[in-house]
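A.B. asks: Next comes the structure file entry-v2.txt, holding compact mmCIF, C-alpha atoms.
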# COMPACT_ATOMS: atom_id res chain seq x y z
CA MET A 1 25.85 -25.26 -11.11
CA THR A 2 25.90 -21.71 -9.76
CA ASN A 3 22.63 -19.82 -9.48
CA GLN A 4 22.79 -16.63 -11.53
CA PRO A 5 20.80 -13.46 -10.69
CA ASP A 6 17.63 -13.01 -12.68
CA THR A 7 17.87 -10.28 -15.29
CA ASN A 8 15.28 -7.99 -16.75
CA GLN A 9 15.76 -6.36 -20.12
CA ASP A 10 13.92 -3.29 -18.91
CA GLY A 11 15.81 -2.85 -15.65
CA PRO A 12 18.87 -3.77 -13.59
CA GLU A 13 19.70 -7.23 -12.33
CA THR A 14 17.80 -8.41 -9.30
CA ALA A 15 20.13 -8.57 -6.30
CA PRO A 16 20.64 -12.05 -4.81
CA SER A 17 19.37 -10.78 -1.45
CA ASP A 18 16.09 -9.73 -3.10
CA GLN A 19 15.75 -13.15 -4.74
CA PHE A 20 16.36 -14.90 -1.43
CA ARG A 21 13.84 -12.65 0.32
CA GLU A 22 11.14 -13.38 -2.24
CA ARG A 23 11.72 -17.12 -1.97
CA LEU A 24 11.66 -16.91 1.81
CA LEU A 25 8.47 -14.83 1.76
CA ASP A 26 6.72 -17.35 -0.51
CA ALA A 27 7.53 -20.13 1.92
CA MET A 28 6.67 -18.03 4.97
CA LEU A 29 3.23 -17.16 3.64
CA GLU A 30 2.36 -20.85 3.63
CA ILE A 31 3.72 -21.49 7.11
CA ALA A 32 2.58 -18.26 8.81
CA ALA A 33 -1.06 -19.05 8.13
CA GLU A 34 -0.84 -21.76 10.80
CA SER A 35 2.21 -20.83 12.86
CA GLY A 36 2.24 -17.05 12.77
CA TRP A 37 5.09 -14.68 11.95
CA THR A 38 7.69 -15.98 14.38
CA MET A 39 11.41 -16.67 14.13
CA ALA A 40 10.69 -20.38 14.54
CA ALA A 41 8.28 -20.27 11.59
CA MET A 42 10.84 -18.29 9.65
CA GLY A 43 13.41 -21.01 10.26
CA ARG A 44 11.06 -23.62 8.84
CA ALA A 45 10.34 -21.34 5.88
CA ALA A 46 14.08 -21.09 5.20
CA GLN A 47 14.34 -24.87 5.09
CA LYS A 48 11.32 -25.08 2.82
CA ALA A 49 12.85 -22.48 0.49
CA GLY A 50 16.21 -24.24 0.49
CA LEU A 51 18.09 -21.24 1.89
CA SER A 52 21.18 -21.36 4.05
CA GLU A 53 21.54 -19.41 7.28
CA GLY A 54 23.83 -16.96 5.52
CA GLN A 55 21.38 -16.39 2.70
CA VAL A 56 18.57 -15.77 5.17
CA LEU A 57 20.69 -13.26 7.07
CA LEU A 58 21.59 -11.49 3.83
CA ALA A 59 17.97 -11.29 2.77
CA THR A 60 16.41 -10.43 6.12
CA PRO A 61 18.91 -8.86 8.54
CA HIS A 62 15.97 -7.66 10.67
CA GLY A 63 14.20 -10.99 10.66
CA VAL A 64 10.43 -11.14 10.46
CA THR A 65 10.23 -7.37 10.12
CA ASP A 66 11.90 -7.57 6.72
CA LEU A 67 9.49 -10.26 5.55
CA LEU A 68 6.45 -8.24 6.58
CA ASP A 69 7.92 -5.24 4.83
CA ALA A 70 8.49 -7.35 1.70
CA LEU A 71 4.86 -8.49 1.79
CA GLY A 72 3.68 -4.89 1.95
CA GLN A 73 5.92 -3.89 -0.94
CA ARG A 74 4.76 -6.86 -3.02
CA ALA A 75 1.09 -6.00 -2.55
CA ALA A 76 1.73 -2.33 -3.30
CA LYS A 77 3.54 -3.21 -6.52
CA ALA A 78 0.70 -5.52 -7.54
CA ALA A 79 -1.86 -2.74 -7.01
CA GLY A 80 0.09 -0.37 -9.23
CA GLU A 81 0.59 -2.98 -11.94
CA ARG A 82 -3.10 -3.86 -11.86
CA LEU A 83 -4.05 -0.26 -12.55
CA ARG A 84 -1.53 0.10 -15.37
CA ALA A 85 -2.83 -3.09 -16.98
CA ASP A 86 -6.53 -2.27 -16.70
CA ASP A 87 -8.39 0.13 -18.96
CA ILE A 88 -9.25 2.90 -16.52
CA ALA A 89 -9.11 5.87 -18.89
CA GLY A 90 -12.86 6.35 -18.87
CA LEU A 91 -13.34 5.90 -15.14
CA LYS A 92 -13.97 8.66 -12.62
CA VAL A 93 -11.33 9.32 -9.96
CA ARG A 94 -13.27 7.47 -7.27
CA GLU A 95 -13.67 4.47 -9.58
CA ARG A 96 -9.96 4.46 -10.33
CA VAL A 97 -9.08 4.58 -6.66
CA ARG A 98 -11.55 1.78 -5.99
CA ALA A 99 -9.90 -0.33 -8.69
CA GLY A 100 -6.52 0.28 -7.07
CA VAL A 101 -7.72 -0.80 -3.63
CA LYS A 102 -9.39 -3.86 -5.11
CA GLY A 103 -6.17 -4.76 -6.90
CA TRP A 104 -4.29 -4.45 -3.62
CA LEU A 105 -6.74 -6.74 -1.83
CA ALA A 106 -6.59 -9.21 -4.73
CA ALA A 107 -2.84 -9.49 -4.24
CA LEU A 108 -3.37 -10.30 -0.54
CA GLN A 109 -6.36 -12.64 -1.04
CA PRO A 110 -4.39 -15.88 -1.66
CA HIS A 111 -2.63 -15.33 1.67
CA LYS A 112 -5.52 -14.02 3.74
CA ALA A 113 -4.88 -16.33 6.70
CA ALA A 114 -1.22 -15.28 6.86
CA VAL A 115 -2.16 -11.60 6.55
CA LYS A 116 -4.60 -12.01 9.41
CA ARG A 117 -1.87 -13.55 11.58
CA ALA A 118 0.42 -10.63 10.71
CA GLY A 119 -2.01 -8.26 12.40
CA GLY A 120 -1.09 -9.69 15.80
CA THR A 121 2.66 -9.56 15.20
CA PRO A 122 4.55 -6.83 17.14
CA ALA A 123 6.72 -6.07 14.11
CA ASN A 124 3.57 -5.16 12.19
CA LEU A 125 3.19 -2.05 14.33
CA PHE A 126 6.04 -0.61 12.30
CA THR A 127 5.74 -2.39 8.96
CA GLY A 128 1.94 -2.20 8.71
CA PRO A 129 1.70 1.60 8.32
CA LYS A 130 4.70 1.51 5.97
CA GLY A 131 2.94 -1.04 3.78
CA LEU A 132 -0.24 1.04 3.68
CA TRP A 133 1.73 4.10 2.65
CA ALA A 134 3.56 2.13 -0.05
CA ALA A 135 0.25 0.88 -1.46
CA SER A 136 -1.27 4.35 -1.34
CA ASP A 137 1.72 5.84 -3.16
CA ALA A 138 1.69 3.03 -5.74
CA ILE A 139 -2.00 3.59 -6.47
CA TRP A 140 -1.76 7.36 -6.80
CA SER A 141 1.40 7.08 -8.91
CA ALA A 142 -0.27 4.57 -11.24
CA LEU A 143 -3.20 6.97 -11.58
CA GLY A 144 -0.79 9.66 -12.79
CA ASP A 145 -1.13 11.89 -9.74
CA LYS A 146 0.65 15.19 -10.39
CA SER A 147 0.05 16.79 -7.00
CA THR A 148 2.92 18.35 -5.11
CA ASP A 149 3.78 19.57 -1.62
CA PHE A 150 0.88 19.40 0.85
CA ASN A 151 -1.61 17.81 -1.57
CA TRP A 152 0.85 14.99 -2.31
CA TYR A 153 0.94 14.05 1.37
CA THR A 154 -2.74 14.53 2.11
CA LYS A 155 -3.79 12.29 -0.79
CA ARG A 156 -1.54 9.47 0.38
CA THR A 157 -2.39 9.92 4.03
CA THR A 158 -6.11 9.84 3.30
CA LEU A 159 -5.87 6.80 1.05
CA SER A 160 -3.67 5.03 3.63
CA ALA A 161 -6.52 5.44 6.12
CA VAL A 162 -8.97 4.00 3.59
CA LEU A 163 -6.67 1.05 2.96
CA GLY A 164 -6.19 0.37 6.66
CA SER A 165 -9.87 0.40 7.54
CA THR A 166 -10.81 -1.61 4.45
CA LEU A 167 -8.14 -4.18 5.27
CA ALA A 168 -9.66 -4.57 8.74
CA ALA A 169 -13.10 -5.07 7.21
CA TRP A 170 -11.68 -7.55 4.67
CA ILE A 171 -9.98 -9.58 7.40
CA GLY A 172 -13.20 -9.71 9.41
CA THR A 173 -15.42 -11.24 6.71
CA ASP A 174 -15.41 -13.48 3.66
CA ASP A 175 -18.35 -11.59 2.15
CA GLU A 176 -16.85 -9.68 -0.80
CA ALA A 177 -20.03 -7.65 -1.28
CA GLU A 178 -19.81 -6.46 2.30
CA VAL A 179 -16.20 -5.38 1.83
CA ASP A 180 -17.07 -3.62 -1.43
CA ALA A 181 -19.90 -1.72 0.24
CA PHE A 182 -17.58 -0.69 3.08
CA LEU A 183 -14.94 0.46 0.61
CA ASP A 184 -17.48 2.47 -1.37
CA ARG A 185 -18.59 4.27 1.79
CA ARG A 186 -15.03 5.14 2.72
CA ILE A 187 -14.23 6.45 -0.74
CA GLU A 188 -17.41 8.52 -0.69
CA ASN A 189 -16.26 10.03 2.62
CA VAL A 190 -12.93 10.90 1.03
CA MET A 191 -14.61 12.50 -1.99
CA GLN A 192 -16.80 14.61 0.30
CA PHE A 193 -13.73 15.68 2.25
CA GLU A 194 -11.90 16.64 -0.95
CA LYS A 195 -14.94 18.60 -2.10
CA LEU A 196 -15.12 20.46 1.21
CA LYS A 197 -11.39 21.13 1.11
CA GLY A 198 -11.73 22.58 -2.37
CA GLN A 199 -14.62 24.81 -1.28
CA VAL A 200 -12.64 26.14 1.68
CA LYS A 201 -9.64 26.80 -0.55
CA ASP A 202 -11.79 28.73 -3.05
CA ALA A 203 -13.43 30.73 -0.28
CA MET A 204 -10.08 31.70 1.19
CA ALA A 205 -8.80 32.72 -2.24
CA LYS A 206 -11.80 35.01 -2.75
CA ALA A 207 -11.72 36.48 0.75
CA PRO A 208 -10.44 40.09 1.03
CA ASN A 209 -6.95 40.58 2.35
CA PRO A 210 -7.18 41.76 6.01
CA MET A 211 -4.39 44.24 5.36
CA ASP A 212 -6.70 46.13 3.00
CA PHE A 213 -8.84 47.22 5.95
CA PHE A 214 -5.85 48.92 7.53
CA GLY A 215 -4.61 50.54 4.37
CA GLN A 216 -1.35 48.65 4.60
CA ARG A 217 -1.55 46.88 1.26
CA LYS A 218 -0.12 48.63 -1.76
Would you mind writing the file out in structure tokens?

C.D. replies:
Amino acid sequence: MTNQPDTNQDGPETAPSDQFRERLLDAMLEIAAESGWTMAAMGRAAQKAGLSEGQVLLATPHGVTDLLDALGQRAAKAAGERLRADDIAGLKVRERVRAGVKGWLAALQPHKAAVKRAGGTPANLFTGPKGLWAASDAIWSALGDKSTDFNWYTKRTTLSAVLGSTLAAWIGTDDEAEVDAFLDRRIENVMQFEKLKGQVKDAMAKAPNPMDFFGQRK
């Protein structure tokens, strides 16, 4: 019997390579917790997932890097879906952002040991920041962010920094209250920065045009 691609009535068919990658990632998350994110561990994960060498190559041409990238994309997607499913209409912006970060951490929680091992993997130097950006974009997009140009980038850059530091705090402790308190402090810092940025922008808008002093403005 031939395996057929999964279909979704609301979207296109899932490519076989994506299916293989997800199966391989599921298996790798179990193995990496003890063995780390290595090619040897990836080989055992392939056996566990029942994938051939060709299927593994199709799914992950860049090896472990592709699996770490897939993990980041999976967590980012989960964060966005969590926000869309929750009733956040009455929440303040900071509370909505907090809910997004918490949803992201919740997606990683079942695989905390494997995530911790990923931090010491050379490939994570490239995929880690990419995963943080993906999560930041997913959260802001789910919140209906309409910003453009510079604001679009600054919002995602700032939230990526919050995600990265909160992830480090989360990895370092099993005390959820401690992580929550850390996250709240970081979000408060961001809100203060946004407030200051807004004040500077307003001040610059109200400032006289220097050209007026020289009579060069018509």

A.B. asks: In Å, how far is it from atom CA of A:Thr148 to atom CA of A:Gly164?

C.D. replies: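 Taking atom CA of A:Thr148 as the start and atom CA of A:Gly164 as the end point, the length is 23.3 Å.
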
A.B. asks: Which one is closest to A:Arg186: A:Arg82, A:Lys146, A:Arg94, A:His62? Count all atoms listed in the file.

C.D. replies: A:Arg94

A.B. asks: Would you compute the box with edges along x, y and z of the file around stretch 29-43 of chain A, including every atom the file lists for it and 4 Å extra on each side, and give its centre and edge lengths in Å to one decimal, as AutoDock Vina command-line options?

C.D. replies:
--center_x 6.2 --center_y -18.2 --center_z 9.1 --size_x 22.5 --size_y 15.1 --size_z 18.9

A.B. asks: Tell me which of A:Gly43, A:Gly36, A:Gly72, A:Pro61 sits closest to A:Leu132, counting only C-alpha atoms.

C.D. replies: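 Between A:Gly43, A:Gly36, A:Gly72, A:Pro61, the residue approaching A:Leu132 most closely is A:Gly72.
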
A.B. asks: Residues near A:Ala41, anyone? I mean within 7 Å using all atoms listed in the file, not counting same-chain ones fewer than 4 positions away, as a short mmCIF file (atom, residue, chain, number, x, y, z; two decimals) with C-alpha atoms, in the frame of the given file.

C.D. replies:
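Dumped to result.cif:
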data_model
loop_
_atom_site.label_atom_id
_atom_site.label_comp_id
_atom_site.auth_asym_id
_atom_site.auth_seq_id
_atom_site.Cartn_x
_atom_site.Cartn_y
_atom_site.Cartn_z
CA ILE A 31 3.72 -21.49 7.11
CA ALA A 32 2.58 -18.26 8.81
CA SER A 35 2.21 -20.83 12.86
CA GLY A 36 2.24 -17.05 12.77
CA TRP A 37 5.09 -14.68 11.95
CA ALA A 45 10.34 -21.34 5.88
#

A.B. asks: Of the residues A:Thr166, A:Thr158, A:Ser17, A:Thr60, which is the one nearest to A:Trp104, using only C-alpha atoms?

C.D. replies: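 Of the candidates, the smallest distance to A:Trp104 is held by A:Thr166.
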
A.B. asks: Would you work out the distance separating atom CA of A:Ala89 from atom CA of A:Leu143, expressed in Å to one decimal?

C.D. replies: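 Separation of atom CA of A:Ala89 and atom CA of A:Leu143: 9.5 Å.
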
A.B. asks: Do you have the atom CA of A:Ala46-atom CA of A:Gly63 distance handy?

C.D. replies: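 These atoms are spaced 11.5 Å apart.
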
A.B. asks: Of the residues A:Leu108, A:Leu91, A:Leu83, A:Ala123, which is the one nearest to A:Ser141, using all atoms listed in the file?

C.D. replies: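 Checking each candidate against A:Ser141, we get A:Leu83 as the closest.
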
A.B. asks: A:Ala70, A:Ala107, A:Leu183, A:Val162: which is nearest A:Leu24, counting only C-alpha atoms?

C.D. replies: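 Among the listed residues, the smallest separation from A:Leu24 belongs to A:Ala70.
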
A.B. asks: Excluding A:Lys48 and its own-chain neighbours fewer than 6 positions away, which residues fall within 12 Å of it when counting only C-alpha atoms? Please give them as an mmCIF file with C-alpha atoms, keeping the file's coordinate frame.

C.D. replies:
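See part_36.cif below for the written result:
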data_model
loop_
_atom_site.group_PDB
_atom_site.id
_atom_site.type_symbol
_atom_site.label_atom_id
_atom_site.label_comp_id
_atom_site.auth_asym_id
_atom_site.auth_seq_id
_atom_site.Cartn_x
_atom_site.Cartn_y
_atom_site.Cartn_z
ATOM 1 C CA ARG A 23 11.720 -17.120 -1.970
ATOM 2 C CA LEU A 24 11.660 -16.910 1.810
ATOM 3 C CA LEU A 25 8.470 -14.830 1.760
ATOM 4 C CA ASP A 26 6.720 -17.350 -0.510
ATOM 5 C CA ALA A 27 7.530 -20.130 1.920
ATOM 6 C CA MET A 28 6.670 -18.030 4.970
ATOM 7 C CA LEU A 29 3.230 -17.160 3.640
ATOM 8 C CA GLU A 30 2.360 -20.850 3.630
ATOM 9 C CA ILE A 31 3.720 -21.490 7.110
ATOM 10 C CA ALA A 41 8.280 -20.270 11.590
ATOM 11 C CA MET A 42 10.840 -18.290 9.650
#

A.B. asks: Compare A:Gly144, A:Gly172, A:Pro110, A:Pro122 by their minimum atom-to-atom distance to A:Val97, counting only C-alpha atoms, and give me the closest one.

C.D. replies: A:Gly144

A.B. asks: Supply stretch 181-192 of chain A as an mmCIF file, in the frame of the given file, with all heavy atoms built in where the input has gaps.

C.D. replies:
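Full text of out19.cif as output:
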data_model
loop_
_atom_site.group_PDB
_atom_site.id
_atom_site.type_symbol
_atom_site.label_atom_id
_atom_site.label_comp_id
_atom_site.auth_asym_id
_atom_site.auth_seq_id
_atom_site.Cartn_x
_atom_site.Cartn_y
_atom_site.Cartn_z
ATOM 1 N N ALA A 181 -19.003 -2.770 -0.246
ATOM 2 C CA ALA A 181 -19.900 -1.720 0.240
ATOM 3 C C ALA A 181 -19.169 -0.837 1.247
ATOM 4 O O ALA A 181 -19.329 0.391 1.250
ATOM 5 C CB ALA A 181 -21.138 -2.351 0.888
ATOM 6 N N PHE A 182 -18.364 -1.452 2.104
ATOM 7 C CA PHE A 182 -17.580 -0.690 3.080
ATOM 8 C C PHE A 182 -16.602 0.233 2.361
ATOM 9 O O PHE A 182 -16.468 1.415 2.701
ATOM 10 C CB PHE A 182 -16.827 -1.652 4.001
ATOM 11 C CG PHE A 182 -15.977 -0.962 5.032
ATOM 12 C CD1 PHE A 182 -16.508 -0.633 6.275
ATOM 13 C CD2 PHE A 182 -14.657 -0.639 4.769
ATOM 14 C CE1 PHE A 182 -15.729 0.018 7.224
ATOM 15 C CE2 PHE A 182 -13.867 0.010 5.708
ATOM 16 C CZ PHE A 182 -14.411 0.339 6.943
ATOM 17 N N LEU A 183 -15.905 -0.319 1.373
ATOM 18 C CA LEU A 183 -14.940 0.460 0.610
ATOM 19 C C LEU A 183 -15.611 1.640 -0.090
ATOM 20 O O LEU A 183 -15.078 2.762 -0.088
ATOM 21 C CB LEU A 183 -14.243 -0.435 -0.415
ATOM 22 C CG LEU A 183 -13.304 0.254 -1.417
ATOM 23 C CD1 LEU A 183 -12.191 0.998 -0.697
ATOM 24 C CD2 LEU A 183 -12.732 -0.783 -2.388
ATOM 25 N N ASP A 184 -16.755 1.405 -0.676
ATOM 26 C CA ASP A 184 -17.480 2.470 -1.370
ATOM 27 C C ASP A 184 -17.845 3.599 -0.412
ATOM 28 O O ASP A 184 -17.767 4.788 -0.770
ATOM 29 C CB ASP A 184 -18.736 1.924 -2.042
ATOM 30 C CG ASP A 184 -18.418 1.041 -3.247
ATOM 31 O OD1 ASP A 184 -17.310 1.187 -3.794
ATOM 32 O OD2 ASP A 184 -19.274 0.232 -3.626
ATOM 33 N N ARG A 185 -18.244 3.241 0.803
ATOM 34 C CA ARG A 185 -18.590 4.270 1.790
ATOM 35 C C ARG A 185 -17.367 5.092 2.183
ATOM 36 O O ARG A 185 -17.437 6.316 2.326
ATOM 37 C CB ARG A 185 -19.219 3.630 3.028
ATOM 38 C CG ARG A 185 -20.611 3.053 2.805
ATOM 39 C CD ARG A 185 -21.305 2.749 4.124
ATOM 40 N NE ARG A 185 -20.596 1.751 4.913
ATOM 41 C CZ ARG A 185 -20.796 0.437 4.818
ATOM 42 N NH1 ARG A 185 -21.673 -0.031 3.937
ATOM 43 N NH2 ARG A 185 -20.134 -0.410 5.585
ATOM 44 N N ARG A 186 -16.242 4.426 2.351
ATOM 45 C CA ARG A 186 -15.030 5.140 2.720
ATOM 46 C C ARG A 186 -14.563 6.072 1.610
ATOM 47 O O ARG A 186 -14.131 7.196 1.858
ATOM 48 C CB ARG A 186 -13.903 4.151 3.060
ATOM 49 C CG ARG A 186 -14.085 3.374 4.344
ATOM 50 C CD ARG A 186 -14.377 4.281 5.544
ATOM 51 N NE ARG A 186 -13.517 5.452 5.606
ATOM 52 C CZ ARG A 186 -12.323 5.488 6.212
ATOM 53 N NH1 ARG A 186 -11.853 4.390 6.788
ATOM 54 N NH2 ARG A 186 -11.614 6.597 6.245
ATOM 55 N N ILE A 187 -14.641 5.607 0.377
ATOM 56 C CA ILE A 187 -14.230 6.450 -0.740
ATOM 57 C C ILE A 187 -15.165 7.644 -0.877
ATOM 58 O O ILE A 187 -14.733 8.759 -1.167
ATOM 59 C CB ILE A 187 -14.192 5.633 -2.052
ATOM 60 C CG1 ILE A 187 -13.047 4.601 -2.002
ATOM 61 C CG2 ILE A 187 -14.024 6.553 -3.260
ATOM 62 C CD1 ILE A 187 -12.946 3.727 -3.218
ATOM 63 N N GLU A 188 -16.457 7.426 -0.639
ATOM 64 C CA GLU A 188 -17.410 8.520 -0.690
ATOM 65 C C GLU A 188 -17.079 9.570 0.377
ATOM 66 O O GLU A 188 -17.154 10.781 0.125
ATOM 67 C CB GLU A 188 -18.826 7.997 -0.474
ATOM 68 C CG GLU A 188 -19.907 9.075 -0.465
ATOM 69 C CD GLU A 188 -19.976 9.872 -1.765
ATOM 70 O OE1 GLU A 188 -19.607 9.325 -2.828
ATOM 71 O OE2 GLU A 188 -20.396 11.046 -1.717
ATOM 72 N N ASN A 189 -16.664 9.099 1.560
ATOM 73 C CA ASN A 189 -16.260 10.030 2.620
ATOM 74 C C ASN A 189 -15.063 10.865 2.180
ATOM 75 O O ASN A 189 -14.995 12.066 2.443
ATOM 76 C CB ASN A 189 -15.894 9.253 3.890
ATOM 77 C CG ASN A 189 -17.090 8.610 4.554
ATOM 78 O OD1 ASN A 189 -18.234 9.010 4.312
ATOM 79 N ND2 ASN A 189 -16.857 7.607 5.368
ATOM 80 N N VAL A 190 -14.125 10.205 1.513
ATOM 81 C CA VAL A 190 -12.930 10.900 1.030
ATOM 82 C C VAL A 190 -13.304 11.938 -0.023
ATOM 83 O O VAL A 190 -12.809 13.065 -0.018
ATOM 84 C CB VAL A 190 -11.907 9.906 0.448
ATOM 85 C CG1 VAL A 190 -10.757 10.654 -0.230
ATOM 86 C CG2 VAL A 190 -11.358 9.008 1.543
ATOM 87 N N MET A 191 -14.197 11.581 -0.935
ATOM 88 C CA MET A 191 -14.610 12.500 -1.990
ATOM 89 C C MET A 191 -15.318 13.731 -1.397
ATOM 90 O O MET A 191 -15.114 14.856 -1.858
ATOM 91 C CB MET A 191 -15.552 11.799 -2.978
ATOM 92 C CG MET A 191 -14.901 10.701 -3.804
ATOM 93 S SD MET A 191 -13.543 11.283 -4.872
ATOM 94 C CE MET A 191 -12.110 10.664 -3.975
ATOM 95 N N GLN A 192 -16.120 13.504 -0.361
ATOM 96 C CA GLN A 192 -16.800 14.610 0.300
ATOM 97 C C GLN A 192 -15.796 15.522 0.991
ATOM 98 O O GLN A 192 -15.927 16.753 0.972
ATOM 99 C CB GLN A 192 -17.824 14.085 1.308
ATOM 100 C CG GLN A 192 -19.028 13.403 0.680
ATOM 101 C CD GLN A 192 -19.827 14.333 -0.211
ATOM 102 O OE1 GLN A 192 -19.983 15.519 0.077
ATOM 103 N NE2 GLN A 192 -20.344 13.796 -1.315
#
